[in-house]
file query.pdb (PDB, C-alpha atoms)
MODEL        1
ATOM      1  CA  MET A  50    -119.884 104.112-108.898
ATOM      2  CA  PRO A  51    -119.809 100.341-108.310
ATOM      3  CA  THR A  52    -120.438  98.897-104.859
ATOM      4  CA  GLU A  53    -117.699  96.990-103.041
ATOM      5  CA  LYS A  54    -119.588  93.754-103.793
ATOM      6  CA  GLN A  55    -119.722  94.594-107.502
ATOM      7  CA  LYS A  56    -115.975  95.287-107.461
ATOM      8  CA  MET A  57    -115.378  92.032-105.560
ATOM      9  CA  LEU A  58    -117.344  89.968-108.084
ATOM     10  CA  ALA A  59    -115.658  91.745-111.015
ATOM     11  CA  GLY A  60    -112.179  90.781-109.790
ATOM     12  CA  GLN A  61    -111.264  94.362-108.886
ATOM     13  CA  TRP A  62    -109.611  95.523-105.687
ATOM     14  CA  TYR A  63    -112.350  96.015-103.091
ATOM     15  CA  ASN A  64    -112.816  96.720 -99.384
ATOM     16  CA  PRO A  65    -113.854  93.538 -97.514
ATOM     17  CA  LEU A  66    -114.833  95.668 -94.500
ATOM     18  CA  ASP A  67    -117.779  97.140 -96.418
ATOM     19  CA  LYS A  68    -120.855  96.878 -94.163
ATOM     20  CA  ALA A  69    -122.923  94.938 -96.702
ATOM     21  CA  LEU A  70    -120.144  92.360 -97.232
ATOM     22  CA  VAL A  71    -119.573  92.024 -93.476
ATOM     23  CA  ALA A  72    -123.302  91.350 -93.034
ATOM     24  CA  GLU A  73    -123.304  88.724 -95.803
ATOM     25  CA  ARG A  74    -120.321  86.929 -94.245
ATOM     26  CA  ALA A  75    -122.021  87.048 -90.831
ATOM     27  CA  LEU A  76    -125.127  85.384 -92.269
ATOM     28  CA  ALA A  77    -122.966  82.688 -93.861
ATOM     29  CA  ARG A  78    -121.212  82.154 -90.506
ATOM     30  CA  ARG A  79    -124.588  81.605 -88.794
ATOM     31  CA  TYR A  80    -125.571  78.932 -91.345
ATOM     32  CA  GLN A  81    -122.098  77.416 -91.114
ATOM     33  CA  HIS A  82    -122.270  77.256 -87.313
ATOM     34  CA  GLN A  83    -125.706  75.596 -87.349
ATOM     35  CA  PHE A  84    -124.623  73.133 -90.026
ATOM     36  CA  ASN A  85    -121.319  72.264 -88.371
ATOM     37  CA  GLN A  86    -123.021  71.743 -84.978
ATOM     38  CA  SER A  87    -125.951  69.726 -86.360
ATOM     39  CA  SER A  88    -126.525  66.089 -85.509
ATOM     40  CA  PRO A  89    -125.515  63.535 -88.141
ATOM     41  CA  ASP A  90    -129.052  62.138 -87.728
ATOM     42  CA  ASP A  91    -130.717  65.418 -88.734
ATOM     43  CA  ALA A  92    -130.513  65.177 -92.527
ATOM     44  CA  VAL A  93    -133.633  67.335 -92.952
ATOM     45  CA  LEU A  94    -132.067  70.248 -91.039
ATOM     46  CA  ARG A  95    -128.791  69.892 -92.914
ATOM     47  CA  ARG A  96    -130.532  69.936 -96.315
ATOM     48  CA  SER A  97    -132.557  72.983 -95.277
ATOM     49  CA  LEU A  98    -129.470  74.861 -94.107
ATOM     50  CA  LEU A  99    -127.556  74.002 -97.286
ATOM     51  CA  SER A 100    -130.429  75.159 -99.503
ATOM     52  CA  HIS A 101    -130.238  78.619 -97.916
ATOM     53  CA  TRP A 102    -126.488  78.797 -97.337
ATOM     54  CA  LEU A 103    -125.312  77.268-100.653
ATOM     55  CA  PRO A 104    -128.320  77.789-102.915
ATOM     56  CA  ASP A 105    -126.713  76.845-106.261
ATOM     57  CA  THR A 106    -125.942  73.159-105.846
ATOM     58  CA  GLY A 107    -127.182  70.156-107.788
ATOM     59  CA  LYS A 108    -128.712  66.850-106.733
ATOM     60  CA  HIS A 109    -126.784  64.632-104.348
ATOM     61  CA  PHE A 110    -124.639  67.474-103.006
ATOM     62  CA  TYR A 111    -123.141  66.307 -99.717
ATOM     63  CA  ILE A 112    -120.846  67.847 -97.122
ATOM     64  CA  GLU A 113    -119.304  66.175 -94.088
ATOM     65  CA  PRO A 114    -119.019  68.843 -91.371
ATOM     66  CA  PRO A 115    -117.134  70.862 -90.505
ATOM     67  CA  PHE A 116    -117.182  72.981 -93.645
ATOM     68  CA  PHE A 117    -116.210  76.634 -93.933
ATOM     69  CA  CYS A 118    -116.740  79.300 -96.579
ATOM     70  CA  ASP A 119    -116.981  83.091 -96.830
ATOM     71  CA  TYR A 120    -120.361  83.606 -98.492
ATOM     72  CA  GLY A 121    -121.855  80.394 -99.888
ATOM     73  CA  TYR A 122    -123.690  82.066-102.761
ATOM     74  CA  ASN A 123    -120.489  82.074-104.842
ATOM     75  CA  ILE A 124    -120.253  78.266-104.750
ATOM     76  CA  HIS A 125    -121.883  76.766-107.852
ATOM     77  CA  ALA A 126    -121.863  72.970-107.859
ATOM     78  CA  GLY A 127    -123.264  70.308-110.159
ATOM     79  CA  ASN A 128    -124.739  66.929-109.300
ATOM     80  CA  LYS A 129    -123.033  64.292-107.141
ATOM     81  CA  VAL A 130    -120.526  66.533-105.376
ATOM     82  CA  PHE A 131    -119.002  65.306-102.122
ATOM     83  CA  PHE A 132    -116.927  67.307 -99.634
ATOM     84  CA  ASN A 133    -115.209  65.232 -96.971
ATOM     85  CA  PHE A 134    -114.455  66.557 -93.467
ATOM     86  CA  ASN A 135    -112.850  69.937 -92.771
ATOM     87  CA  CYS A 136    -112.921  71.563 -96.218
ATOM     88  CA  VAL A 137    -112.570  75.334 -96.712
ATOM     89  CA  VAL A 138    -113.820  77.305 -99.727
ATOM     90  CA  LEU A 139    -112.969  81.008 -99.649
ATOM     91  CA  ASP A 140    -115.643  81.895-102.189
ATOM     92  CA  VAL A 141    -114.990  85.620-102.551
ATOM     93  CA  ALA A 142    -115.041  85.034-106.326
ATOM     94  CA  PRO A 143    -117.216  82.363-107.935
ATOM     95  CA  VAL A 144    -116.183  78.734-107.493
ATOM     96  CA  HIS A 145    -117.649  76.543-110.247
ATOM     97  CA  ILE A 146    -117.668  72.813-109.515
ATOM     98  CA  GLY A 147    -118.795  70.304-112.136
ATOM     99  CA  ASN A 148    -120.657  67.025-111.727
ATOM    100  CA  ASN A 149    -119.239  63.961-109.972
ATOM    101  CA  VAL A 150    -116.534  65.844-108.082
ATOM    102  CA  PHE A 151    -114.985  64.460-104.914
ATOM    103  CA  PHE A 152    -113.079  66.466-102.307
ATOM    104  CA  GLY A 153    -110.863  64.629 -99.849
ATOM    105  CA  PRO A 154    -110.622  65.835 -96.259
ATOM    106  CA  ALA A 155    -109.133  69.265 -95.600
ATOM    107  CA  VAL A 156    -109.179  70.402 -99.236
ATOM    108  CA  GLN A 157    -108.951  74.185 -99.461
ATOM    109  CA  ILE A 158    -110.010  76.471-102.298
ATOM    110  CA  TYR A 159    -108.837  80.068-102.180
ATOM    111  CA  THR A 160    -110.162  82.732-104.546
ATOM    112  CA  VAL A 161    -108.856  85.762-102.662
ATOM    113  CA  ASN A 162    -105.576  87.632-103.174
ATOM    114  CA  HIS A 163    -103.890  90.384-101.197
ATOM    115  CA  PRO A 164    -101.361  92.943-102.486
ATOM    116  CA  LEU A 165     -97.781  91.707-102.515
ATOM    117  CA  GLU A 166     -96.358  95.035-101.394
ATOM    118  CA  PRO A 167     -96.545  95.550 -97.580
ATOM    119  CA  ILE A 168     -97.605  99.206 -97.844
ATOM    120  CA  LYS A 169    -100.517  98.300-100.147
ATOM    121  CA  ARG A 170    -101.454  95.336 -97.924
ATOM    122  CA  ARG A 171    -101.982  97.812 -95.068
ATOM    123  CA  THR A 172    -104.972  99.199 -96.997
ATOM    124  CA  LEU A 173    -106.725  95.836 -96.349
ATOM    125  CA  LEU A 174    -107.941  95.789 -99.946
ATOM    126  CA  GLU A 175    -108.460  92.388-101.548
ATOM    127  CA  GLN A 176    -108.962  90.992-105.031
ATOM    128  CA  ALA A 177    -110.521  87.692-106.017
ATOM    129  CA  LEU A 178    -110.211  85.404-109.031
ATOM    130  CA  PRO A 179    -112.623  82.547-109.814
ATOM    131  CA  VAL A 180    -111.800  78.860-109.546
ATOM    132  CA  VAL A 181    -113.246  76.269-111.954
ATOM    133  CA  ILE A 182    -113.250  72.519-111.309
ATOM    134  CA  GLY A 183    -114.459  70.365-114.193
ATOM    135  CA  ASP A 184    -116.639  67.254-114.157
ATOM    136  CA  ASP A 185    -115.320  63.997-112.680
ATOM    137  CA  VAL A 186    -112.428  65.569-110.759
ATOM    138  CA  TRP A 187    -111.037  64.052-107.566
ATOM    139  CA  LEU A 188    -109.080  66.321-105.217
ATOM    140  CA  GLY A 189    -107.021  64.367-102.697
ATOM    141  CA  GLY A 190    -106.910  65.236 -99.014
ATOM    142  CA  GLY A 191    -105.153  68.449 -98.073
ATOM    143  CA  ALA A 192    -104.938  69.771-101.631
ATOM    144  CA  ILE A 193    -104.910  73.556-101.933
ATOM    145  CA  ILE A 194    -106.333  75.314-104.990
ATOM    146  CA  LEU A 195    -105.141  78.901-105.489
ATOM    147  CA  PRO A 196    -107.004  81.871-107.053
ATOM    148  CA  GLY A 197    -107.733  81.821-110.780
ATOM    149  CA  VAL A 198    -107.064  78.107-111.303
ATOM    150  CA  THR A 199    -109.032  75.798-113.612
ATOM    151  CA  ILE A 200    -108.822  72.021-113.189
ATOM    152  CA  GLY A 201    -109.831  70.113-116.310
ATOM    153  CA  ALA A 202    -112.484  67.392-116.420
ATOM    154  CA  GLY A 203    -111.503  63.919-115.300
ATOM    155  CA  SER A 204    -108.288  64.965-113.577
ATOM    156  CA  VAL A 205    -106.984  63.813-110.210
ATOM    157  CA  ILE A 206    -105.094  66.142-107.868
ATOM    158  CA  ALA A 207    -102.890  64.168-105.483
ATOM    159  CA  ALA A 208    -103.167  64.639-101.738
ATOM    160  CA  GLY A 209    -101.202  67.568-100.364
ATOM    161  CA  SER A 210    -100.722  69.280-103.720
ATOM    162  CA  VAL A 211    -100.703  73.059-104.124
ATOM    163  CA  VAL A 212    -102.357  73.943-107.437
ATOM    164  CA  SER A 213    -101.137  77.359-108.583
ATOM    165  CA  LYS A 214    -101.650  76.956-112.360
ATOM    166  CA  ASP A 215    -104.330  75.430-114.589
ATOM    167  CA  ILE A 216    -104.392  71.630-114.856
ATOM    168  CA  PRO A 217    -105.500  70.091-118.179
ATOM    169  CA  PRO A 218    -108.245  67.454-118.450
ATOM    170  CA  GLY A 219    -107.574  63.766-117.907
ATOM    171  CA  VAL A 220    -104.342  63.851-115.908
ATOM    172  CA  VAL A 221    -102.940  63.034-112.508
ATOM    173  CA  ALA A 222    -101.147  66.046-111.055
ATOM    174  CA  ALA A 223     -99.153  66.264-107.841
ATOM    175  CA  GLY A 224     -96.694  68.316-105.847
ATOM    176  CA  ASN A 225     -95.927  71.814-104.702
ATOM    177  CA  PRO A 226     -96.206  73.409-107.118
ATOM    178  CA  CYS A 227     -98.629  70.907-108.637
ATOM    179  CA  LYS A 228     -97.510  69.477-111.992
ATOM    180  CA  VAL A 229     -98.866  66.838-114.346
ATOM    181  CA  ILE A 230     -97.242  63.478-113.599
ATOM    182  CA  LYS A 231     -99.220  61.198-115.927
ATOM    183  CA  LEU A 232    -102.133  60.922-118.312
ATOM    184  CA  ILE A 233    -105.222  58.984-117.278
ATOM    185  CA  THR A 234    -106.077  56.302-119.822
ATOM    186  CA  GLU A 235    -109.161  54.131-119.733
TER     187      GLU A 235
ENDMDL
END

call {"tool": "encode", "arguments": {"input": "query.pdb", "output": "structure tokens"}}
result
Amino acid sequence: MPTEKQKMLAGQWYNPLDKALVAERALARRYQHQFNQSSPDDAVLRRSLLSHWLPDTGKHFYIEPPFFCDYGYNIHAGNKVFFNFNCVVLDVAPVHIGNNVFFGPAVQIYTVNHPLEPIKRRTLLEQALPVVIGDDVWLGGGAIILPGVTIGAGSVIAAGSVVSKDIPPGVVAAGNPCKVIKLITE
């Protein structure tokens, strides 16, 4: 029988109150607290915390605190990734971030879903779907990325957009719901 973590990572309905998952989130919260309270002058401490808290990140990975996530180990980022202030990544499922990706302030990535039916929601079960962000993407401030979304390489998501469906490569997309508004030409 699979563990709750195995079900979570497989995109199945799982119990987030499982003791092992609660302990993993608590550890992430301790790293998050230390990181978010650290001095801007203590780059060595910040790098050390990030290497333990978000172990699968490339070179020149930078976060402006505060930053919040559920686990940290489900965030997989390439080189030259920048998160501006106050970003949230609910990394219950994997979040894959390419190279040269920029997050404006208050960008939020959600991988977790809850049942739509109120009776089923009372069970507290959750399900998670991965999010993929391609190389050279810029997400404007306050953008929200919903579970299961892929954003194609080179695209720009306008500030305040709610991305509920996949966005192709090389476009500017905006709105709620987010839609392609123009192609990017070089």

call {"tool": "resolve_selection", "arguments": {"input": "query.pdb", "expression": "the PyMOL selection byres ((chain A and resi 111-116) around 8)", "output": "PyMOL selection string"}}
result
chain A and resi 81+84-85+109-110+117-118+129-137

call {"tool": "atom_distance", "arguments": {"input": "query.pdb", "atom1": "atom CA of A:Gly153", "atom2": "atom CA of A:Gly189"}}
result
4.8 Å

call {"tool": "atom_distance", "arguments": {"input": "query.pdb", "atom1": "atom CA of A:Asn225", "atom2": "atom CA of A:Glu166"}}
result
23.5 Å

call {"tool": "residues_around", "arguments": {"input": "query.pdb", "residues": "stretch 71-78 of chain A", "least_positions_apart": "3", "cutoff": "10 Å", "atoms": "all atoms listed in the file", "output": "NGL selection string"}}
result
:A and (65-68 or 81-84 or 101-103 or 117-122 or 141)

call {"tool": "atom_distance", "arguments": {"input": "query.pdb", "atom1": "atom CA of A:Gly219", "atom2": "atom CA of A:Val186"}}
result
8.8 Å
